[in-house]
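Chemist: The structure is given below, and queries will be raised subsequently.
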Amino acid sequence: MSQNNPSLADLFKQLGLSAEQIHMERFIERHQLNTHADLAKAIFWTSDQKAFLQEAIEEDSDWAKVVDELANLLIRKP
């Protein structure tokens, strides 16, 4: 799936997750990361999801911005 300006909901769909607002919020609440954690290496992703996230960042694809957005949302808040 290639998009010019994918949204967070599009990313959730691409990762095979529910894009309903309440489900996205729950996912973010339940999958918090430490400040310097690598999003693509988080233990909760499948191997395909990890590969997609890593590729999006490495290739600076259209998905990179929204992958960064998700990473920032998953950072543990004090």
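By convention here, the chains of the structure tokens are called A, B, ... in the order presented, each chain's residues are numbered starting at 1, and ligands are numbered starting at 1 in the order presented.
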Excluding A:Asn5 and its own-chain neighbours fewer than 3 positions away, which residues fall within 12 Å of it when counting only C-alpha atoms? Please give them as a ChimeraX atom specification.

Modeler: /A:1-2,8-11,61-67

Chemist: Check the DSSP output for the backbone and give back, as a PDB file with N, CA, C and O atoms, in the first residue's frame, the residues of chain A in alpha helix (DSSP H).

Modeler:
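This is the output file part-v8.pdb:
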ATOM      1  N   LEU A   8      -2.338   8.296  10.596  1.00  0.00           N
ATOM      2  CA  LEU A   8      -2.109   7.310  11.638  1.00  0.00           C
ATOM      3  C   LEU A   8      -3.066   6.132  11.462  1.00  0.00           C
ATOM      4  O   LEU A   8      -2.670   4.974  11.600  1.00  0.00           O
ATOM      5  N   ALA A   9      -4.310   6.410  11.113  1.00  0.00           N
ATOM      6  CA  ALA A   9      -5.287   5.339  10.867  1.00  0.00           C
ATOM      7  C   ALA A   9      -4.833   4.464   9.698  1.00  0.00           C
ATOM      8  O   ALA A   9      -4.956   3.240   9.757  1.00  0.00           O
ATOM      9  N   ASP A  10      -4.283   5.078   8.647  1.00  0.00           N
ATOM     10  CA  ASP A  10      -3.765   4.303   7.509  1.00  0.00           C
ATOM     11  C   ASP A  10      -2.622   3.388   7.951  1.00  0.00           C
ATOM     12  O   ASP A  10      -2.528   2.245   7.508  1.00  0.00           O
ATOM     13  N   LEU A  11      -1.758   3.894   8.827  1.00  0.00           N
ATOM     14  CA  LEU A  11      -0.645   3.092   9.321  1.00  0.00           C
ATOM     15  C   LEU A  11      -1.153   1.894  10.118  1.00  0.00           C
ATOM     16  O   LEU A  11      -0.674   0.778   9.944  1.00  0.00           O
ATOM     17  N   PHE A  12      -2.137   2.132  10.983  1.00  0.00           N
ATOM     18  CA  PHE A  12      -2.699   1.024  11.752  1.00  0.00           C
ATOM     19  C   PHE A  12      -3.268  -0.036  10.812  1.00  0.00           C
ATOM     20  O   PHE A  12      -3.038  -1.232  11.011  1.00  0.00           O
ATOM     21  N   LYS A  13      -3.976   0.397   9.787  1.00  0.00           N
ATOM     22  CA  LYS A  13      -4.523  -0.556   8.812  1.00  0.00           C
ATOM     23  C   LYS A  13      -3.401  -1.313   8.111  1.00  0.00           C
ATOM     24  O   LYS A  13      -3.486  -2.530   7.918  1.00  0.00           O
ATOM     25  N   GLN A  14      -2.370  -0.597   7.704  1.00  0.00           N
ATOM     26  CA  GLN A  14      -1.236  -1.218   7.009  1.00  0.00           C
ATOM     27  C   GLN A  14      -0.564  -2.271   7.889  1.00  0.00           C
ATOM     28  O   GLN A  14      -0.077  -3.281   7.400  1.00  0.00           O
ATOM     29  N   GLN A  21     -10.737   4.746  16.274  1.00  0.00           N
ATOM     30  CA  GLN A  21     -10.084   5.665  17.205  1.00  0.00           C
ATOM     31  C   GLN A  21      -9.865   5.042  18.586  1.00  0.00           C
ATOM     32  O   GLN A  21      -8.773   5.115  19.142  1.00  0.00           O
ATOM     33  N   ILE A  22     -10.882   4.412  19.149  1.00  0.00           N
ATOM     34  CA  ILE A  22     -10.764   3.830  20.484  1.00  0.00           C
ATOM     35  C   ILE A  22      -9.715   2.716  20.518  1.00  0.00           C
ATOM     36  O   ILE A  22      -8.957   2.592  21.480  1.00  0.00           O
ATOM     37  N   HIS A  23      -9.625   1.940  19.447  1.00  0.00           N
ATOM     38  CA  HIS A  23      -8.628   0.868  19.392  1.00  0.00           C
ATOM     39  C   HIS A  23      -7.216   1.428  19.245  1.00  0.00           C
ATOM     40  O   HIS A  23      -6.271   0.892  19.848  1.00  0.00           O
ATOM     41  N   MET A  24      -7.065   2.479  18.468  1.00  0.00           N
ATOM     42  CA  MET A  24      -5.749   3.108  18.345  1.00  0.00           C
ATOM     43  C   MET A  24      -5.313   3.678  19.691  1.00  0.00           C
ATOM     44  O   MET A  24      -4.161   3.519  20.102  1.00  0.00           O
ATOM     45  N   GLU A  25      -6.233   4.340  20.385  1.00  0.00           N
ATOM     46  CA  GLU A  25      -5.915   4.912  21.697  1.00  0.00           C
ATOM     47  C   GLU A  25      -5.524   3.831  22.693  1.00  0.00           C
ATOM     48  O   GLU A  25      -4.559   3.989  23.445  1.00  0.00           O
ATOM     49  N   ARG A  26      -6.242   2.725  22.702  1.00  0.00           N
ATOM     50  CA  ARG A  26      -5.926   1.611  23.600  1.00  0.00           C
ATOM     51  C   ARG A  26      -4.560   1.011  23.266  1.00  0.00           C
ATOM     52  O   ARG A  26      -3.783   0.679  24.163  1.00  0.00           O
ATOM     53  N   PHE A  27      -4.285   0.843  21.983  1.00  0.00           N
ATOM     54  CA  PHE A  27      -2.988   0.308  21.574  1.00  0.00           C
ATOM     55  C   PHE A  27      -1.877   1.209  22.103  1.00  0.00           C
ATOM     56  O   PHE A  27      -0.893   0.728  22.676  1.00  0.00           O
ATOM     57  N   ILE A  28      -2.021   2.501  21.925  1.00  0.00           N
ATOM     58  CA  ILE A  28      -0.999   3.457  22.363  1.00  0.00           C
ATOM     59  C   ILE A  28      -0.838   3.405  23.881  1.00  0.00           C
ATOM     60  O   ILE A  28       0.285   3.412  24.394  1.00  0.00           O
ATOM     61  N   GLU A  29      -1.926   3.320  24.614  1.00  0.00           N
ATOM     62  CA  GLU A  29      -1.861   3.236  26.075  1.00  0.00           C
ATOM     63  C   GLU A  29      -1.147   1.976  26.536  1.00  0.00           C
ATOM     64  O   GLU A  29      -0.414   1.995  27.522  1.00  0.00           O
ATOM     65  N   ARG A  30      -1.370   0.874  25.841  1.00  0.00           N
ATOM     66  CA  ARG A  30      -0.879  -0.427  26.289  1.00  0.00           C
ATOM     67  C   ARG A  30       0.502  -0.794  25.761  1.00  0.00           C
ATOM     68  O   ARG A  30       1.063  -1.807  26.165  1.00  0.00           O
ATOM     69  N   SER A  47       7.006 -10.127  12.844  1.00  0.00           N
ATOM     70  CA  SER A  47       8.184  -9.927  11.988  1.00  0.00           C
ATOM     71  C   SER A  47       7.837  -9.089  10.760  1.00  0.00           C
ATOM     72  O   SER A  47       8.637  -8.252  10.329  1.00  0.00           O
ATOM     73  N   ASP A  48       6.653  -9.287  10.188  1.00  0.00           N
ATOM     74  CA  ASP A  48       6.239  -8.487   9.024  1.00  0.00           C
ATOM     75  C   ASP A  48       6.043  -7.021   9.397  1.00  0.00           C
ATOM     76  O   ASP A  48       6.418  -6.122   8.637  1.00  0.00           O
ATOM     77  N   GLN A  49       5.445  -6.781  10.552  1.00  0.00           N
ATOM     78  CA  GLN A  49       5.245  -5.400  10.998  1.00  0.00           C
ATOM     79  C   GLN A  49       6.593  -4.719  11.246  1.00  0.00           C
ATOM     80  O   GLN A  49       6.796  -3.569  10.841  1.00  0.00           O
ATOM     81  N   LYS A  50       7.503  -5.435  11.894  1.00  0.00           N
ATOM     82  CA  LYS A  50       8.843  -4.887  12.141  1.00  0.00           C
ATOM     83  C   LYS A  50       9.524  -4.514  10.828  1.00  0.00           C
ATOM     84  O   LYS A  50      10.124  -3.451  10.711  1.00  0.00           O
ATOM     85  N   ALA A  51       9.446  -5.419   9.858  1.00  0.00           N
ATOM     86  CA  ALA A  51      10.092  -5.175   8.567  1.00  0.00           C
ATOM     87  C   ALA A  51       9.499  -3.949   7.886  1.00  0.00           C
ATOM     88  O   ALA A  51      10.234  -3.124   7.329  1.00  0.00           O
ATOM     89  N   PHE A  52       8.182  -3.812   7.933  1.00  0.00           N
ATOM     90  CA  PHE A  52       7.533  -2.659   7.309  1.00  0.00           C
ATOM     91  C   PHE A  52       7.986  -1.359   7.975  1.00  0.00           C
ATOM     92  O   PHE A  52       8.346  -0.393   7.290  1.00  0.00           O
ATOM     93  N   LEU A  53       7.974  -1.331   9.307  1.00  0.00           N
ATOM     94  CA  LEU A  53       8.364  -0.122  10.034  1.00  0.00           C
ATOM     95  C   LEU A  53       9.815   0.237   9.754  1.00  0.00           C
ATOM     96  O   LEU A  53      10.141   1.412   9.502  1.00  0.00           O
ATOM     97  N   GLN A  54      10.694  -0.746   9.784  1.00  0.00           N
ATOM     98  CA  GLN A  54      12.111  -0.513   9.528  1.00  0.00           C
ATOM     99  C   GLN A  54      12.331   0.011   8.108  1.00  0.00           C
ATOM    100  O   GLN A  54      13.077   0.960   7.894  1.00  0.00           O
ATOM    101  N   GLU A  55      11.665  -0.601   7.147  1.00  0.00           N
ATOM    102  CA  GLU A  55      11.803  -0.181   5.752  1.00  0.00           C
ATOM    103  C   GLU A  55      11.282   1.246   5.549  1.00  0.00           C
ATOM    104  O   GLU A  55      11.891   2.043   4.829  1.00  0.00           O
ATOM    105  N   ALA A  56      10.179   1.570   6.188  1.00  0.00           N
ATOM    106  CA  ALA A  56       9.604   2.919   6.055  1.00  0.00           C
ATOM    107  C   ALA A  56      10.602   3.979   6.506  1.00  0.00           C
ATOM    108  O   ALA A  56      10.761   5.012   5.849  1.00  0.00           O
ATOM    109  N   ILE A  57      11.283   3.703   7.610  1.00  0.00           N
ATOM    110  CA  ILE A  57      12.259   4.662   8.140  1.00  0.00           C
ATOM    111  C   ILE A  57      13.530   4.680   7.289  1.00  0.00           C
ATOM    112  O   ILE A  57      14.003   5.753   6.896  1.00  0.00           O
ATOM    113  N   GLU A  58      14.072   3.512   6.986  1.00  0.00           N
ATOM    114  CA  GLU A  58      15.326   3.442   6.228  1.00  0.00           C
ATOM    115  C   GLU A  58      15.210   4.067   4.848  1.00  0.00           C
ATOM    116  O   GLU A  58      16.141   4.710   4.371  1.00  0.00           O
ATOM    117  N   ALA A  64       7.207   7.249   6.491  1.00  0.00           N
ATOM    118  CA  ALA A  64       8.170   7.600   7.537  1.00  0.00           C
ATOM    119  C   ALA A  64       7.621   8.625   8.530  1.00  0.00           C
ATOM    120  O   ALA A  64       7.807   8.488   9.742  1.00  0.00           O
ATOM    121  N   LYS A  65       6.954   9.640   8.053  1.00  0.00           N
ATOM    122  CA  LYS A  65       6.443  10.697   8.941  1.00  0.00           C
ATOM    123  C   LYS A  65       5.424  10.128   9.930  1.00  0.00           C
ATOM    124  O   LYS A  65       5.475  10.427  11.123  1.00  0.00           O
ATOM    125  N   VAL A  66       4.519   9.300   9.457  1.00  0.00           N
ATOM    126  CA  VAL A  66       3.493   8.755  10.335  1.00  0.00           C
ATOM    127  C   VAL A  66       4.073   7.664  11.240  1.00  0.00           C
ATOM    128  O   VAL A  66       3.618   7.491  12.376  1.00  0.00           O
ATOM    129  N   VAL A  67       5.106   6.965  10.809  1.00  0.00           N
ATOM    130  CA  VAL A  67       5.798   6.012  11.673  1.00  0.00           C
ATOM    131  C   VAL A  67       6.464   6.781  12.817  1.00  0.00           C
ATOM    132  O   VAL A  67       6.394   6.374  13.983  1.00  0.00           O
ATOM    133  N   ASP A  68       7.089   7.910  12.513  1.00  0.00           N
ATOM    134  CA  ASP A  68       7.672   8.762  13.553  1.00  0.00           C
ATOM    135  C   ASP A  68       6.595   9.276  14.509  1.00  0.00           C
ATOM    136  O   ASP A  68       6.814   9.353  15.715  1.00  0.00           O
ATOM    137  N   GLU A  69       5.444   9.628  13.963  1.00  0.00           N
ATOM    138  CA  GLU A  69       4.334  10.090  14.794  1.00  0.00           C
ATOM    139  C   GLU A  69       3.928   8.996  15.781  1.00  0.00           C
ATOM    140  O   GLU A  69       3.748   9.260  16.973  1.00  0.00           O
ATOM    141  N   LEU A  70       3.799   7.777  15.299  1.00  0.00           N
ATOM    142  CA  LEU A  70       3.441   6.662  16.177  1.00  0.00           C
ATOM    143  C   LEU A  70       4.521   6.461  17.233  1.00  0.00           C
ATOM    144  O   LEU A  70       4.210   6.273  18.413  1.00  0.00           O
ATOM    145  N   ALA A  71       5.770   6.502  16.838  1.00  0.00           N
ATOM    146  CA  ALA A  71       6.871   6.335  17.796  1.00  0.00           C
ATOM    147  C   ALA A  71       6.769   7.375  18.912  1.00  0.00           C
ATOM    148  O   ALA A  71       6.915   7.049  20.090  1.00  0.00           O
ATOM    149  N   ASN A  72       6.484   8.609  18.549  1.00  0.00           N
ATOM    150  CA  ASN A  72       6.362   9.671  19.549  1.00  0.00           C
ATOM    151  C   ASN A  72       5.165   9.448  20.467  1.00  0.00           C
ATOM    152  O   ASN A  72       5.236   9.740  21.660  1.00  0.00           O
ATOM    153  N   LEU A  73       4.082   8.939  19.925  1.00  0.00           N
ATOM    154  CA  LEU A  73       2.897   8.660  20.741  1.00  0.00           C
ATOM    155  C   LEU A  73       3.143   7.522  21.726  1.00  0.00           C
ATOM    156  O   LEU A  73       2.507   7.469  22.783  1.00  0.00           O
ATOM    157  N   LEU A  74       4.031   6.606  21.376  1.00  0.00           N
ATOM    158  CA  LEU A  74       4.304   5.450  22.224  1.00  0.00           C
ATOM    159  C   LEU A  74       5.348   5.710  23.305  1.00  0.00           C
ATOM    160  O   LEU A  74       5.552   4.870  24.182  1.00  0.00           O
TER     161      LEU A  74
END
